[in-house]
Amino acid sequence: MALHFEEVGQPDAPTIVFLHGGGGAGWMWRPQVEALRTDYHLLIPDLPGQGRSMDAGPFTMASAAKQVADLVRAHATGGPVHVVGLSEGAQTVVQLLAMEPKLFETAIVSSALVRPIAGASWASSPSVLGLTYTMSIEWPRSWDWWIRLNMRSAAGVPDAYFDDFRASFRALSKSGFINLMRANQTFRLPAGLEHVRARVLAVCGQREYNSMRRSTADVAEAIPGALAREVVHTRKLSLAQEHNWNMTAPELFNMTIRDFIEARPLPKELVSVLS
């Protein structure tokens, strides 16, 4: 079945496609939709196996990328098409660029993990992930206090999104969780990125894990002309809040989108990724 998606904004303007993080849905892009809908045509899908696209799964990077490409061809306005991805959505963008190197004019890849996390290889086995699901999602799925704790500490999602987060938390199945986590933790740079013609910005939070920061540099190095930047936030954010900065620092995120798409200098908070 086709992806569920929302289509808002200006029907004769350039299209921006937004790809959300794992376990979420299109609701994660609400600050961007409100800020950009007056100037752009926006496509906001729920990725396979998540949100209202449960029947479009199971999730794999390749299937998600193909379905997003089909969505773009069917619903983009015919002008320039841009894509923005966060976390697992950013990994999907990397896969999509490799599969469709000429489909987009620009791409923003925010926190796409393409390296193993040091010391965490054991956590990606199906048995461990199944136990994690049972202990952290299945048993306490009716405990609002637990969901709110996860939302704040593990995901860094602001309180205003509690109802949306709770719905996504409760809807995630065991097999869906295992698929998402394994796809996220085992994703590596795909072949074909050397053919990408889009302007690409790879970005992450300055305080994110070193594996994520190095992944950001890896993505940029693999794509001709791509930029690698890390965000230096002016207020203190947790690691999770830096990861989901489209919700925790929406003004800066929105400015970054506009500046990059319109080929203007990027905000001063974005600095070159270290070596």
# chains A, B, ... in the order shown; residues from 1 in each chain; ligands from 1
call {"tool": "closest_atom_pairs", "arguments": {"of": "region 57-88 of chain A", "to": "region 171-191 of chain A", "cutoff": "9 Å", "atoms": "only C-alpha atoms", "output": "CSV"}}
result
residue,atom,partner,partner_atom,distance
A:Gly57,CA,A:Gly176,CA,8.2
A:Pro58,CA,A:Gly176,CA,6.8
A:Phe59,CA,A:Asn179,CA,6.1
A:Thr60,CA,A:Ala183,CA,6.3
A:Met61,CA,A:Ala183,CA,6.8
A:Ser87,CA,A:Asn184,CA,8.5
A:Glu88,CA,A:Asn184,CA,6.1
call {"tool": "residues_around", "arguments": {"residues": "Glu100 (chain A)", "least_positions_apart": "2", "cutoff": "10 Å", "atoms": "only C-alpha atoms", "output": "PyMOL selection string"}}
result
chain A and resi 65-66+69+93-98+102-104+192-193+195-197
call {"tool": "closest_atom_pairs", "arguments": {"of": "region 64-154 of chain A", "to": "region 204-220 of chain A", "cutoff": "7 Å", "atoms": "only C-alpha atoms", "output": "tab-separated table"}}
result
residue	atom	partner	partner_atom	distance
A:Ser110	CA	A:Cys204	CA	5.6
A:Ser111	CA	A:Cys204	CA	4.8
A:Ala112	CA	A:Thr216	CA	6.7
A:Leu113	CA	A:Met212	CA	5.4
A:Val114	CA	A:Ser215	CA	5.3
A:Arg115	CA	A:Ser215	CA	5.9
A:Pro116	CA	A:Ser211	CA	6.9
A:Ile117	CA	A:Ser211	CA	5.7
call {"tool": "select_by_dssp", "arguments": {"residues": "region 141-256 of chain A", "states": "alpha helix (DSSP H)", "output": "short mmCIF file (atom, residue, chain, number, x, y, z; two decimals) with C-alpha atoms, in the first residue's frame"}}
result
data_model
loop_
_atom_site.label_atom_id
_atom_site.label_comp_id
_atom_site.auth_asym_id
_atom_site.auth_seq_id
_atom_site.Cartn_x
_atom_site.Cartn_y
_atom_site.Cartn_z
CA ASP A 144 1.61 8.06 30.68
CA TRP A 145 4.37 8.94 33.15
CA TRP A 146 6.68 6.41 31.50
CA ILE A 147 5.84 7.62 28.00
CA ARG A 148 6.46 11.22 29.06
CA LEU A 149 9.80 10.25 30.62
CA PHE A 162 2.89 14.47 24.07
CA ASP A 163 -0.36 13.29 22.46
CA ASP A 164 1.38 12.64 19.15
CA PHE A 165 4.34 10.92 20.79
CA ARG A 166 2.05 8.73 22.90
CA ALA A 167 0.08 7.65 19.84
CA SER A 168 3.26 6.69 17.98
CA PHE A 169 4.68 4.96 21.08
CA ARG A 170 1.57 2.83 21.55
CA ALA A 171 1.17 2.00 17.86
CA LYS A 174 7.37 -5.54 18.27
CA SER A 175 8.32 -6.52 14.73
CA GLY A 176 8.13 -2.89 13.66
CA PHE A 177 10.45 -1.84 16.49
CA ILE A 178 12.98 -4.56 15.65
CA ASN A 179 12.91 -3.65 11.95
CA LEU A 180 13.43 0.04 12.67
CA MET A 181 16.23 -0.46 15.16
CA ARG A 182 18.11 -2.98 13.04
CA ALA A 183 17.77 -0.79 9.96
CA ASN A 184 19.07 2.18 11.93
CA GLN A 185 21.99 0.44 13.59
CA THR A 186 23.20 -1.56 10.59
CA ASN A 210 31.30 10.79 18.10
CA SER A 211 29.98 8.02 15.82
CA MET A 212 27.26 10.41 14.65
CA ARG A 213 29.67 13.29 14.14
CA ARG A 214 32.03 11.08 12.15
CA SER A 215 29.07 9.73 10.18
CA THR A 216 28.21 13.31 9.22
CA ALA A 217 31.71 13.78 7.83
CA ASP A 218 31.50 10.39 6.06
CA VAL A 219 28.27 11.34 4.28
CA ALA A 220 29.75 14.63 3.07
CA GLU A 221 32.96 12.98 1.92
CA ALA A 222 31.01 10.41 -0.12
CA LEU A 239 22.04 15.06 23.49
CA ALA A 240 18.52 13.93 22.58
CA GLN A 241 17.36 17.54 22.18
CA GLU A 242 20.30 18.29 19.90
CA HIS A 243 19.38 15.24 17.83
CA TRP A 245 16.62 20.03 16.89
CA ASN A 246 13.86 20.62 14.36
CA MET A 247 11.50 20.59 17.39
CA THR A 248 13.77 21.94 20.12
CA PRO A 250 12.84 25.19 15.26
CA GLU A 251 13.73 28.77 14.34
CA LEU A 252 17.34 27.79 13.66
CA PHE A 253 16.30 24.63 11.82
CA ASN A 254 13.88 26.56 9.62
CA MET A 255 16.48 29.22 8.89
CA THR A 256 18.94 26.50 7.90
#
call {"tool": "residues_around", "arguments": {"residues": "Val109 (chain A)", "least_positions_apart": "5", "cutoff": "6 Å", "atoms": "only C-alpha atoms", "output": "NGL selection string"}}
result
:A and (85 or 90 or 202)
call {"tool": "write_last_selection", "arguments": {"atoms": "C-alpha atoms", "output": "mmCIF file, in the first residue's frame"}}
result
data_model
loop_
_atom_site.group_PDB
_atom_site.id
_atom_site.type_symbol
_atom_site.label_atom_id
_atom_site.label_comp_id
_atom_site.auth_asym_id
_atom_site.auth_seq_id
_atom_site.Cartn_x
_atom_site.Cartn_y
_atom_site.Cartn_z
ATOM 1 C CA GLY A 85 15.594 14.047 6.676
ATOM 2 C CA ALA A 90 18.165 11.163 7.160
ATOM 3 C CA ALA A 202 25.141 16.852 6.220
#
call {"tool": "select_by_dssp", "arguments": {"residues": "region 153-223 of chain A", "states": "strand (DSSP E or B)", "output": "list in words"}}
result
Arg199, Val200, Leu201, Ala202, Val203, Cys204 and Gly205 of chain A
call {"tool": "write_last_selection", "arguments": {"atoms": "C-alpha atoms", "output": "mmCIF file, in the first residue's frame"}}
result
data_model
loop_
_atom_site.group_PDB
_atom_site.id
_atom_site.type_symbol
_atom_site.label_atom_id
_atom_site.label_comp_id
_atom_site.auth_asym_id
_atom_site.auth_seq_id
_atom_site.Cartn_x
_atom_site.Cartn_y
_atom_site.Cartn_z
ATOM 1 C CA ARG A 199 23.658 20.109 -3.248
ATOM 2 C CA VAL A 200 23.869 18.275 0.060
ATOM 3 C CA LEU A 201 24.237 19.517 3.639
ATOM 4 C CA ALA A 202 25.141 16.852 6.220
ATOM 5 C CA VAL A 203 24.643 18.158 9.747
ATOM 6 C CA CYS A 204 24.537 16.995 13.361
ATOM 7 C CA GLY A 205 24.605 18.427 16.871
#
call {"tool": "residues_around", "arguments": {"residues": "Gly9 (chain A)", "least_positions_apart": "6", "cutoff": "6 Å", "atoms": "only C-alpha atoms", "output": "short mmCIF file (atom, residue, chain, number, x, y, z; two decimals) with C-alpha atoms, in the first residue's frame"}}
result
data_model
loop_
_atom_site.label_atom_id
_atom_site.label_comp_id
_atom_site.auth_asym_id
_atom_site.auth_seq_id
_atom_site.Cartn_x
_atom_site.Cartn_y
_atom_site.Cartn_z
CA ARG A 37 3.87 26.40 4.01
CA THR A 38 3.38 29.98 2.79
CA TYR A 40 6.78 26.15 -0.52
CA HIS A 41 4.85 23.05 -1.50
CA LEU A 42 5.36 20.46 1.25
#
call {"tool": "residues_around", "arguments": {"residues": "Ala56 (chain A)", "least_positions_apart": "2", "cutoff": "9 Å", "atoms": "only C-alpha atoms", "output": "list of chain:residue names"}}
result
A:Met1, A:Ala2, A:Leu3, A:His4, A:Leu47, A:Pro48, A:Gly49, A:Gln50, A:Arg52, A:Ser53, A:Met54, A:Pro58, A:Phe59, A:Ala64, A:Gln67
call {"tool": "closest_residue", "arguments": {"among": "A:Pro140, A:Pro14, A:Gly51, A:Gly21", "to": "Val81 (chain A)", "atoms": "only C-alpha atoms"}}
result
A:Pro14
call {"tool": "atom_distance", "arguments": {"atom1": "CA of Pro31 (chain A)", "atom2": "CA of Ala198 (chain A)"}}
result
24.8 Å
call {"tool": "residues_around", "arguments": {"residues": "Val84 (chain A)", "least_positions_apart": "2", "cutoff": "6 Å", "atoms": "only C-alpha atoms", "output": "short mmCIF file (atom, residue, chain, number, x, y, z; two decimals) with N, CA and C atoms, in the first residue's frame"}}
result
data_model
loop_
_atom_site.label_atom_id
_atom_site.label_comp_id
_atom_site.auth_asym_id
_atom_site.auth_seq_id
_atom_site.Cartn_x
_atom_site.Cartn_y
_atom_site.Cartn_z
N PHE A 18 9.75 16.03 3.61
CA PHE A 18 10.28 15.88 4.96
C PHE A 18 10.17 14.41 5.41
N ALA A 107 19.49 18.52 -0.62
CA ALA A 107 19.16 17.55 0.42
C ALA A 107 19.83 17.98 1.72
N ILE A 108 19.06 17.95 2.82
CA ILE A 108 19.60 18.19 4.15
C ILE A 108 19.51 16.88 4.92
#
